[in-house]
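run_22.cif, holding mmCIF, C-alpha atoms:
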```cif
data_run
loop_
_atom_site.label_atom_id
_atom_site.label_comp_id
_atom_site.auth_asym_id
_atom_site.auth_seq_id
_atom_site.Cartn_x
_atom_site.Cartn_y
_atom_site.Cartn_z
CA GLU A 1 -0.48 -18.58 -1.92
CA PRO A 2 2.73 -17.10 -0.45
CA GLU A 3 2.27 -14.35 2.10
CA VAL A 4 4.27 -11.57 3.70
CA THR A 5 4.29 -12.15 7.46
CA GLN A 6 4.59 -9.38 10.02
CA THR A 7 5.18 -9.52 13.76
CA PRO A 8 4.01 -8.33 16.18
CA SER A 9 0.46 -7.64 15.09
CA HIS A 10 0.15 -5.03 17.82
CA GLN A 11 2.76 -3.41 20.03
CA VAL A 12 2.25 -0.87 22.78
CA THR A 13 5.30 1.04 23.92
CA GLN A 14 6.28 4.03 25.99
CA MET A 15 7.50 7.19 24.33
CA GLY A 16 11.28 7.13 23.95
CA GLN A 17 11.53 3.35 23.77
CA GLU A 18 13.04 1.47 20.86
CA VAL A 19 10.76 -0.67 18.74
CA ILE A 20 11.61 -3.32 16.17
CA LEU A 21 8.95 -4.44 13.72
CA ARG A 22 9.65 -7.64 11.86
CA CYS A 23 8.70 -8.84 8.43
CA VAL A 24 9.26 -12.06 6.55
CA PRO A 25 8.89 -11.27 2.85
CA ILE A 26 7.98 -13.81 0.21
CA SER A 27 10.99 -16.06 -0.17
CA ASN A 28 12.11 -15.32 -3.73
CA HIS A 29 11.35 -11.59 -3.61
CA LEU A 30 14.16 -9.09 -3.93
CA TYR A 31 12.55 -5.70 -3.27
CA PHE A 32 11.29 -4.76 0.17
CA TYR A 33 9.28 -1.82 1.45
CA TRP A 34 7.88 -0.30 4.59
CA TYR A 35 4.78 1.86 4.60
CA ARG A 36 2.80 3.36 7.42
CA GLN A 37 -0.79 4.47 7.88
CA ILE A 38 -1.73 6.80 10.67
CA LEU A 39 -5.33 6.21 11.72
CA GLY A 40 -7.70 7.85 9.27
CA GLN A 41 -4.94 8.94 6.92
CA LYS A 42 -3.42 7.65 3.72
CA VAL A 43 -0.87 4.86 3.30
CA GLU A 44 2.53 6.57 3.19
CA PHE A 45 5.80 5.26 1.79
CA LEU A 46 8.68 5.08 4.25
CA VAL A 47 11.55 3.22 2.62
CA SER A 48 12.49 0.76 -0.10
CA PHE A 49 15.33 -1.74 0.14
CA TYR A 50 17.12 -3.71 -2.54
CA ASN A 51 20.42 -5.55 -2.74
CA ASN A 52 21.07 -5.00 0.96
CA GLU A 53 20.79 -1.27 0.88
CA ILE A 54 18.18 1.47 1.00
CA SER A 55 17.16 2.42 -2.53
CA GLU A 56 14.81 5.23 -1.59
CA LYS A 57 13.42 6.81 1.54
CA SER A 58 10.81 9.43 2.25
CA GLU A 59 11.15 12.54 4.40
CA ILE A 60 9.32 10.64 7.16
CA PHE A 61 12.20 8.17 7.36
CA ASP A 62 14.54 10.27 9.47
CA ASP A 63 17.50 9.29 11.64
CA GLN A 64 15.19 7.65 14.15
CA PHE A 65 14.32 4.96 11.62
CA SER A 66 16.49 2.19 10.27
CA VAL A 67 15.97 -0.98 8.28
CA GLU A 68 17.93 -4.16 8.18
CA ARG A 69 17.91 -7.52 6.53
CA PRO A 70 19.91 -9.39 9.15
CA ASP A 71 19.59 -12.81 7.53
CA GLY A 72 18.13 -14.27 4.37
CA SER A 73 14.55 -14.11 5.52
CA ASN A 74 13.80 -11.22 7.89
CA PHE A 75 13.40 -7.54 7.07
CA THR A 76 13.15 -5.28 10.09
CA LEU A 77 12.14 -1.69 10.78
CA LYS A 78 13.63 -0.13 13.89
CA ILE A 79 12.43 3.07 15.49
CA ARG A 80 15.15 4.17 17.85
CA SER A 81 13.25 6.48 20.18
CA THR A 82 9.53 6.41 19.60
CA LYS A 83 7.37 9.51 19.61
CA LEU A 84 3.63 9.80 20.06
CA GLU A 85 3.25 10.62 16.38
CA ASP A 86 4.85 7.28 15.43
CA SER A 87 1.60 5.58 16.43
CA ALA A 88 0.37 4.01 13.22
CA MET A 89 -0.11 0.79 11.31
CA TYR A 90 3.13 -0.23 9.67
CA PHE A 91 2.95 -2.35 6.53
CA CYS A 92 5.76 -4.38 5.05
CA ALA A 93 5.66 -5.28 1.35
CA SER A 94 7.83 -7.25 -1.02
CA MET A 95 8.11 -7.57 -4.77
CA GLY A 96 9.63 -10.21 -7.01
CA LEU A 97 11.83 -10.04 -10.05
CA ILE A 98 10.84 -7.41 -12.58
CA VAL A 99 9.35 -9.58 -15.26
CA SER A 100 6.04 -9.22 -16.94
CA GLY A 101 3.26 -9.81 -14.45
CA ALA A 102 5.55 -9.96 -11.43
CA ASN A 103 6.05 -6.31 -10.58
CA VAL A 104 3.35 -6.19 -7.96
CA LEU A 105 3.84 -5.38 -4.29
CA THR A 106 2.47 -7.97 -1.88
CA PHE A 107 1.61 -6.55 1.53
CA GLY A 108 1.70 -8.01 4.98
CA ALA A 109 -1.21 -7.69 7.40
CA GLY A 110 0.49 -4.86 9.25
CA SER A 111 1.85 -4.16 12.72
CA ARG A 112 -0.09 -1.69 14.80
CA LEU A 113 2.20 0.47 16.94
CA THR A 114 0.74 2.44 19.82
CA VAL A 115 3.06 4.89 21.57
CA LEU A 116 1.92 6.11 24.99
CA ALA B 117 5.97 15.40 -8.21
CA GLN B 118 3.68 12.47 -8.78
CA ARG B 119 0.39 12.42 -6.91
CA VAL B 120 -2.77 10.34 -6.76
CA THR B 121 -6.10 11.87 -5.84
CA GLN B 122 -9.37 10.20 -4.98
CA PRO B 123 -12.00 12.91 -4.57
CA GLU B 124 -14.52 10.82 -2.63
CA LYS B 125 -13.61 9.83 0.90
CA LEU B 126 -16.90 7.96 1.32
CA LEU B 127 -19.20 6.47 -1.28
CA SER B 128 -22.47 4.71 -0.56
CA VAL B 129 -24.46 2.85 -3.20
CA PHE B 130 -27.36 0.43 -3.11
CA LYS B 131 -26.83 -3.22 -3.90
CA GLY B 132 -27.25 -3.80 -7.62
CA ALA B 133 -26.48 -0.19 -8.51
CA PRO B 134 -23.48 0.77 -10.64
CA VAL B 135 -20.46 2.07 -8.81
CA GLU B 136 -17.60 4.25 -9.94
CA LEU B 137 -14.66 5.16 -7.74
CA LYS B 138 -12.73 8.07 -9.17
CA CYS B 139 -8.98 8.32 -9.37
CA ASN B 140 -6.82 10.96 -10.97
CA TYR B 141 -3.07 11.15 -11.06
CA SER B 142 -0.41 13.65 -11.86
CA TYR B 143 2.76 12.40 -13.47
CA SER B 144 4.40 13.52 -16.66
CA GLY B 145 5.55 10.08 -17.75
CA SER B 146 3.72 6.81 -18.37
CA PRO B 147 3.00 5.31 -14.97
CA GLU B 148 1.70 1.94 -13.96
CA LEU B 149 -1.68 2.27 -12.25
CA PHE B 150 -3.23 -0.08 -9.73
CA TRP B 151 -6.26 -0.48 -7.54
CA TYR B 152 -5.72 -2.02 -4.11
CA VAL B 153 -8.56 -3.07 -1.82
CA GLN B 154 -8.65 -3.50 1.94
CA TYR B 155 -11.61 -5.42 3.33
CA SER B 156 -12.45 -5.02 6.98
CA ARG B 157 -9.67 -6.41 9.19
CA GLN B 158 -7.74 -7.74 6.21
CA ARG B 159 -4.52 -6.77 4.50
CA LEU B 160 -4.11 -4.56 1.48
CA GLN B 161 -4.43 -6.65 -1.63
CA LEU B 162 -4.12 -5.96 -5.29
CA LEU B 163 -7.45 -5.73 -7.07
CA LEU B 164 -6.31 -4.95 -10.57
CA ARG B 165 -3.70 -3.13 -12.63
CA HIS B 166 -4.02 -1.25 -15.86
CA ILE B 167 -1.27 -3.21 -17.60
CA SER B 168 -3.30 -6.42 -17.44
CA ARG B 169 -6.57 -4.93 -18.67
CA GLU B 170 -8.35 -7.55 -16.59
CA SER B 171 -11.68 -7.70 -14.78
CA ILE B 172 -11.52 -8.88 -11.18
CA LYS B 173 -14.67 -9.50 -9.14
CA GLY B 174 -16.60 -7.64 -11.82
CA PHE B 175 -14.46 -4.51 -11.46
CA THR B 176 -12.74 -2.85 -14.39
CA ALA B 177 -10.61 0.24 -14.71
CA ASP B 178 -9.51 2.03 -17.84
CA LEU B 179 -6.49 4.24 -17.99
CA ASN B 180 -7.33 7.54 -19.67
CA LYS B 181 -4.04 9.29 -20.33
CA GLY B 182 -5.74 12.39 -21.72
CA GLU B 183 -7.68 12.93 -18.51
CA THR B 184 -4.98 11.30 -16.33
CA SER B 185 -7.65 9.14 -14.76
CA PHE B 186 -8.00 5.52 -13.75
CA HIS B 187 -11.55 5.22 -12.47
CA LEU B 188 -12.75 1.90 -11.04
CA LYS B 189 -16.15 0.69 -12.16
CA LYS B 190 -18.55 -2.11 -11.50
CA PRO B 191 -21.97 -2.36 -13.13
CA PHE B 192 -23.77 -4.02 -10.19
CA ALA B 193 -22.45 -3.50 -6.69
CA GLN B 194 -22.58 -6.36 -4.18
CA GLU B 195 -22.58 -6.15 -0.38
CA GLU B 196 -19.22 -7.93 -0.26
CA ASP B 197 -17.71 -5.06 -2.24
CA SER B 198 -17.86 -2.88 0.86
CA ALA B 199 -14.24 -2.02 1.60
CA MET B 200 -11.57 0.64 1.39
CA TYR B 201 -10.26 1.15 -2.14
CA TYR B 202 -6.90 2.72 -2.89
CA CYS B 203 -5.76 3.91 -6.27
CA ALA B 204 -2.00 3.67 -6.65
CA LEU B 205 0.77 4.62 -9.05
CA LYS B 206 4.27 3.45 -9.87
CA ARG B 207 6.53 5.55 -12.05
CA THR B 208 8.43 2.51 -13.27
CA SER B 209 8.40 -1.21 -12.61
CA TYR B 210 11.22 -0.75 -10.10
CA ASP B 211 9.55 2.06 -8.21
CA LYS B 212 7.66 2.28 -4.96
CA VAL B 213 3.87 2.43 -5.00
CA ILE B 214 2.32 5.80 -4.25
CA PHE B 215 -1.18 5.56 -2.82
CA GLY B 216 -4.13 7.85 -3.07
CA PRO B 217 -6.04 8.74 0.10
CA GLY B 218 -8.58 5.97 -0.42
CA THR B 219 -12.35 5.76 -0.87
CA SER B 220 -14.50 3.87 1.57
CA LEU B 221 -17.23 2.09 -0.37
CA SER B 222 -20.35 1.06 1.46
CA VAL B 223 -22.91 -1.07 -0.38
CA ILE B 224 -26.33 -0.80 1.19
CA PRO B 225 -28.45 -3.98 1.09
#
```
Please express what this file holds, its structure, as structure tokens.
Amino acid sequence: EPEVTQTPSHQVTQMGQEVILRCVPISNHLYFYWYRQILGQKVEFLVSFYNNEISEKSEIFDDQFSVERPDGSNFTLKIRSTKLEDSAMYFCASMGLIVSGANVLTFGAGSRLTVL
Amino acid sequence: AQRVTQPEKLLSVFKGAPVELKCNYSYSGSPELFWYVQYSRQRLQLLLRHISRESIKGFTADLNKGETSFHLKKPFAQEEDSAMYYCALKRTSYDKVIFGPGTSLSVIP
């Protein structure tokens, strides 16, 4: 069964450093998402991406965050200058064409970010 | 604004007992409702969705628009059902998924 792949699985960084989290969505999917989950808290929406542009973003997704689909396969989340409160599990998800039975998000295993 | 609530943070049941994980939502339209499950050290995965009216791993969930609920039920809990369960909502097919806070289910042998 096709999977969404995320790298790295765990990254430790110093406060103020830039971090790039990578995702390879399912190959024929067109909609892409990033979510995060701070330890012990709920899964929160960050941003959705379609047709090479952001379609929606939450208030969490401020100027420190950016997303990119640099080629036909990768979907990246960049945090420009990390803060302690960015420590969380970041999940990538993708969704296929909107036809009956296909409008389901498939999640990656997550990238755990620890900011020291 | 749309919201998903799951009143129980933790739920413990004995093996073989019935289990019900509660979910309520607030949204004025007709949303799509889902249950996602996360087993220990595994990724979030779709368990079931209201639109399919299916039963997966013995679990069912019925959308009650009058009560704005989508409770997840299973008549006989198994140890392998122990996991984190998230109720989720989409306003439209094109929309993001909004998650509830999750319920941790523990099935006691």
Once you count all atoms listed in the file, which residues of chain B turn out to be within 8 Å of chain A? Could you give them as a list of chain:residue names?
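Residues satisfying the distance criterion: B:Gln158, B:Arg159, B:Leu160, B:Gln161, B:Leu162, B:Ser168, B:Ser209, B:Tyr210, B:Lys212, B:Val213, B:Ile214, B:Phe215, B:Gly216, B:Pro217, B:Gly218.
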Given the selection you just returned, output its residues as a file containing C-alpha atoms, formatted as a PDB file, keeping the file's coordinate frame.
```pdb
ATOM      1  CA  GLN B 158      -7.740  -7.740   6.210  1.00  0.00           C
ATOM      2  CA  ARG B 159      -4.520  -6.770   4.500  1.00  0.00           C
ATOM      3  CA  LEU B 160      -4.110  -4.560   1.480  1.00  0.00           C
ATOM      4  CA  GLN B 161      -4.430  -6.650  -1.630  1.00  0.00           C
ATOM      5  CA  LEU B 162      -4.120  -5.960  -5.290  1.00  0.00           C
ATOM      6  CA  SER B 168      -3.300  -6.420 -17.440  1.00  0.00           C
ATOM      7  CA  SER B 209       8.400  -1.210 -12.610  1.00  0.00           C
ATOM      8  CA  TYR B 210      11.220  -0.750 -10.100  1.00  0.00           C
ATOM      9  CA  LYS B 212       7.660   2.280  -4.960  1.00  0.00           C
ATOM     10  CA  VAL B 213       3.870   2.430  -5.000  1.00  0.00           C
ATOM     11  CA  ILE B 214       2.320   5.800  -4.250  1.00  0.00           C
ATOM     12  CA  PHE B 215      -1.180   5.560  -2.820  1.00  0.00           C
ATOM     13  CA  GLY B 216      -4.130   7.850  -3.070  1.00  0.00           C
ATOM     14  CA  PRO B 217      -6.040   8.740   0.100  1.00  0.00           C
ATOM     15  CA  GLY B 218      -8.580   5.970  -0.420  1.00  0.00           C
TER      16      GLY B 218
END
```
For the file shown, what are the residues hit by the PyMOL selection byres ((chain A and resi 21) around 10), laid out as a PyMOL selection string?
chain A and resi 6-11+19-20+22-23+67+75-79+90-92+110-113
Atoms kept (C-alpha atoms) for selection, written as a compact mmCIF listing (two decimals), in the coordinates of the input:
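The result, stored in out_10.txt:
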```txt
# COMPACT_ATOMS: atom_id res chain seq x y z
CA GLN A 6 4.59 -9.38 10.02
CA THR A 7 5.18 -9.52 13.76
CA PRO A 8 4.01 -8.33 16.18
CA SER A 9 0.46 -7.64 15.09
CA HIS A 10 0.15 -5.03 17.82
CA GLN A 11 2.76 -3.41 20.03
CA VAL A 19 10.76 -0.67 18.74
CA ILE A 20 11.61 -3.32 16.17
CA ARG A 22 9.65 -7.64 11.86
CA CYS A 23 8.70 -8.84 8.43
CA VAL A 67 15.97 -0.98 8.28
CA PHE A 75 13.40 -7.54 7.07
CA THR A 76 13.15 -5.28 10.09
CA LEU A 77 12.14 -1.69 10.78
CA LYS A 78 13.63 -0.13 13.89
CA ILE A 79 12.43 3.07 15.49
CA TYR A 90 3.13 -0.23 9.67
CA PHE A 91 2.95 -2.35 6.53
CA CYS A 92 5.76 -4.38 5.05
CA GLY A 110 0.49 -4.86 9.25
CA SER A 111 1.85 -4.16 12.72
CA ARG A 112 -0.09 -1.69 14.80
CA LEU A 113 2.20 0.47 16.94
```
One decimal, Å: what's the distance from CA of Thr176 in chain B over to CA of Asp211 in chain B, could you say?
23.6 Å
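When the PyMOL selection byres ((chain A and resi 115) around 7) is evaluated on the file shown here, the picked residues come out as Val12, Thr13, Gln14, Met15, Thr82, Lys83, Leu84, Asp86, Ser87, Leu113, Thr114 and Leu116 of chain A.
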Would you work out the distance separating CA of Ala204 in chain B from CA of Val24 in chain A, expressed in Å to one decimal?
23.4 Å
Which residues, named as in the file, does the PyMOL selection byres ((chain B and resi 192-198) around 7) pick out? Answer as a ChimeraX atom specification.
/B:131-135,190-191,199,221-225
Just to be explicit: take each residue in the selection above, keep C-alpha atoms, and write the result as a short mmCIF file (atom, residue, chain, number, x, y, z; two decimals), in the coordinates of the input.
```cif
data_model
loop_
_atom_site.label_atom_id
_atom_site.label_comp_id
_atom_site.auth_asym_id
_atom_site.auth_seq_id
_atom_site.Cartn_x
_atom_site.Cartn_y
_atom_site.Cartn_z
CA LYS B 131 -26.83 -3.22 -3.90
CA GLY B 132 -27.25 -3.80 -7.62
CA ALA B 133 -26.48 -0.19 -8.51
CA PRO B 134 -23.48 0.77 -10.64
CA VAL B 135 -20.46 2.07 -8.81
CA LYS B 190 -18.55 -2.11 -11.50
CA PRO B 191 -21.97 -2.36 -13.13
CA ALA B 199 -14.24 -2.02 1.60
CA LEU B 221 -17.23 2.09 -0.37
CA SER B 222 -20.35 1.06 1.46
CA VAL B 223 -22.91 -1.07 -0.38
CA ILE B 224 -26.33 -0.80 1.19
CA PRO B 225 -28.45 -3.98 1.09
#
```
Quick one: residues within 8 Å of Phe186 in chain B, only C-alpha atoms, excluding same-chain residues fewer than 3 positions away - as a list in words?
Lys138, Cys139, Asn140, Tyr141, Leu149, Ala177, Asp178, Leu179, Asn180 and Cys203 of chain B
Would you compute the distance between CA of Val120 in chain B and CA of Asn52 in chain A? Give it in Å to one decimal.
29.4 Å
Where atoms are missing, can you supply N, CA, C and O atoms for range 162-186 of chain B and output the lot as a short mmCIF file (atom, residue, chain, number, x, y, z; two decimals), keeping the file's coordinate frame?
```cif
data_model
loop_
_atom_site.label_atom_id
_atom_site.label_comp_id
_atom_site.auth_asym_id
_atom_site.auth_seq_id
_atom_site.Cartn_x
_atom_site.Cartn_y
_atom_site.Cartn_z
N LEU B 162 -3.96 -6.48 -3.95
CA LEU B 162 -4.12 -5.96 -5.29
C LEU B 162 -5.46 -6.38 -5.86
O LEU B 162 -5.83 -7.56 -5.79
N LEU B 163 -6.19 -5.42 -6.41
CA LEU B 163 -7.45 -5.73 -7.07
C LEU B 163 -7.21 -5.88 -8.57
O LEU B 163 -7.53 -6.91 -9.16
N LEU B 164 -6.65 -4.82 -9.16
CA LEU B 164 -6.31 -4.95 -10.57
C LEU B 164 -5.28 -3.88 -10.95
O LEU B 164 -5.00 -2.97 -10.19
N ARG B 165 -4.71 -4.05 -12.13
CA ARG B 165 -3.70 -3.13 -12.63
C ARG B 165 -3.97 -2.85 -14.10
O ARG B 165 -4.49 -3.71 -14.81
N HIS B 166 -3.63 -1.66 -14.52
CA HIS B 166 -4.02 -1.25 -15.86
C HIS B 166 -3.30 -2.08 -16.92
O HIS B 166 -3.83 -2.31 -18.00
N ILE B 167 -2.10 -2.55 -16.61
CA ILE B 167 -1.27 -3.21 -17.60
C ILE B 167 -1.90 -4.54 -18.03
O ILE B 167 -1.67 -5.03 -19.13
N SER B 168 -2.72 -5.12 -17.14
CA SER B 168 -3.30 -6.42 -17.44
C SER B 168 -4.64 -6.31 -18.17
O SER B 168 -5.10 -7.30 -18.74
N ARG B 169 -5.26 -5.16 -18.06
CA ARG B 169 -6.57 -4.93 -18.67
C ARG B 169 -7.54 -6.06 -18.30
O ARG B 169 -8.24 -6.60 -19.13
N GLU B 170 -7.53 -6.41 -17.03
CA GLU B 170 -8.35 -7.55 -16.59
C GLU B 170 -9.59 -7.05 -15.85
O GLU B 170 -9.71 -5.87 -15.51
N SER B 171 -10.51 -7.98 -15.61
CA SER B 171 -11.68 -7.70 -14.78
C SER B 171 -11.62 -8.65 -13.60
O SER B 171 -11.55 -9.86 -13.77
N ILE B 172 -11.60 -8.07 -12.40
CA ILE B 172 -11.52 -8.88 -11.18
C ILE B 172 -12.76 -8.59 -10.35
O ILE B 172 -13.08 -7.43 -10.08
N LYS B 173 -13.46 -9.63 -9.95
CA LYS B 173 -14.67 -9.50 -9.14
C LYS B 173 -15.66 -8.55 -9.79
O LYS B 173 -16.41 -7.86 -9.09
N GLY B 174 -15.67 -8.49 -11.09
CA GLY B 174 -16.60 -7.64 -11.82
C GLY B 174 -16.14 -6.21 -11.97
O GLY B 174 -16.81 -5.40 -12.61
N PHE B 175 -15.00 -5.87 -11.37
CA PHE B 175 -14.46 -4.51 -11.46
C PHE B 175 -13.57 -4.37 -12.70
O PHE B 175 -12.84 -5.29 -13.05
N THR B 176 -13.64 -3.21 -13.31
CA THR B 176 -12.74 -2.85 -14.39
C THR B 176 -12.25 -1.43 -14.16
O THR B 176 -12.88 -0.65 -13.43
N ALA B 177 -11.13 -1.12 -14.78
CA ALA B 177 -10.61 0.24 -14.71
C ALA B 177 -9.87 0.52 -16.00
O ALA B 177 -9.08 -0.32 -16.45
N ASP B 178 -10.16 1.64 -16.59
CA ASP B 178 -9.51 2.03 -17.84
C ASP B 178 -8.63 3.24 -17.61
O ASP B 178 -9.06 4.23 -17.01
N LEU B 179 -7.42 3.12 -18.10
CA LEU B 179 -6.49 4.24 -17.99
C LEU B 179 -6.80 5.24 -19.10
O LEU B 179 -6.79 4.89 -20.29
N ASN B 180 -7.07 6.46 -18.72
CA ASN B 180 -7.33 7.54 -19.67
C ASN B 180 -6.19 8.53 -19.54
O ASN B 180 -6.17 9.37 -18.62
N LYS B 181 -5.23 8.44 -20.45
CA LYS B 181 -4.04 9.29 -20.33
C LYS B 181 -4.37 10.75 -20.59
O LYS B 181 -3.75 11.65 -20.00
N GLY B 182 -5.37 11.01 -21.43
CA GLY B 182 -5.74 12.39 -21.72
C GLY B 182 -6.28 13.08 -20.48
O GLY B 182 -5.98 14.24 -20.22
N GLU B 183 -7.10 12.36 -19.73
CA GLU B 183 -7.68 12.93 -18.51
C GLU B 183 -6.88 12.56 -17.26
O GLU B 183 -7.28 12.93 -16.15
N THR B 184 -5.80 11.83 -17.45
CA THR B 184 -4.98 11.30 -16.33
C THR B 184 -5.88 10.71 -15.26
O THR B 184 -5.84 11.10 -14.07
N SER B 185 -6.73 9.78 -15.69
CA SER B 185 -7.65 9.14 -14.76
C SER B 185 -7.56 7.63 -14.87
O SER B 185 -7.13 7.08 -15.90
N PHE B 186 -7.99 6.98 -13.80
CA PHE B 186 -8.00 5.52 -13.75
C PHE B 186 -9.17 5.13 -12.85
O PHE B 186 -9.00 4.57 -11.78
#
```
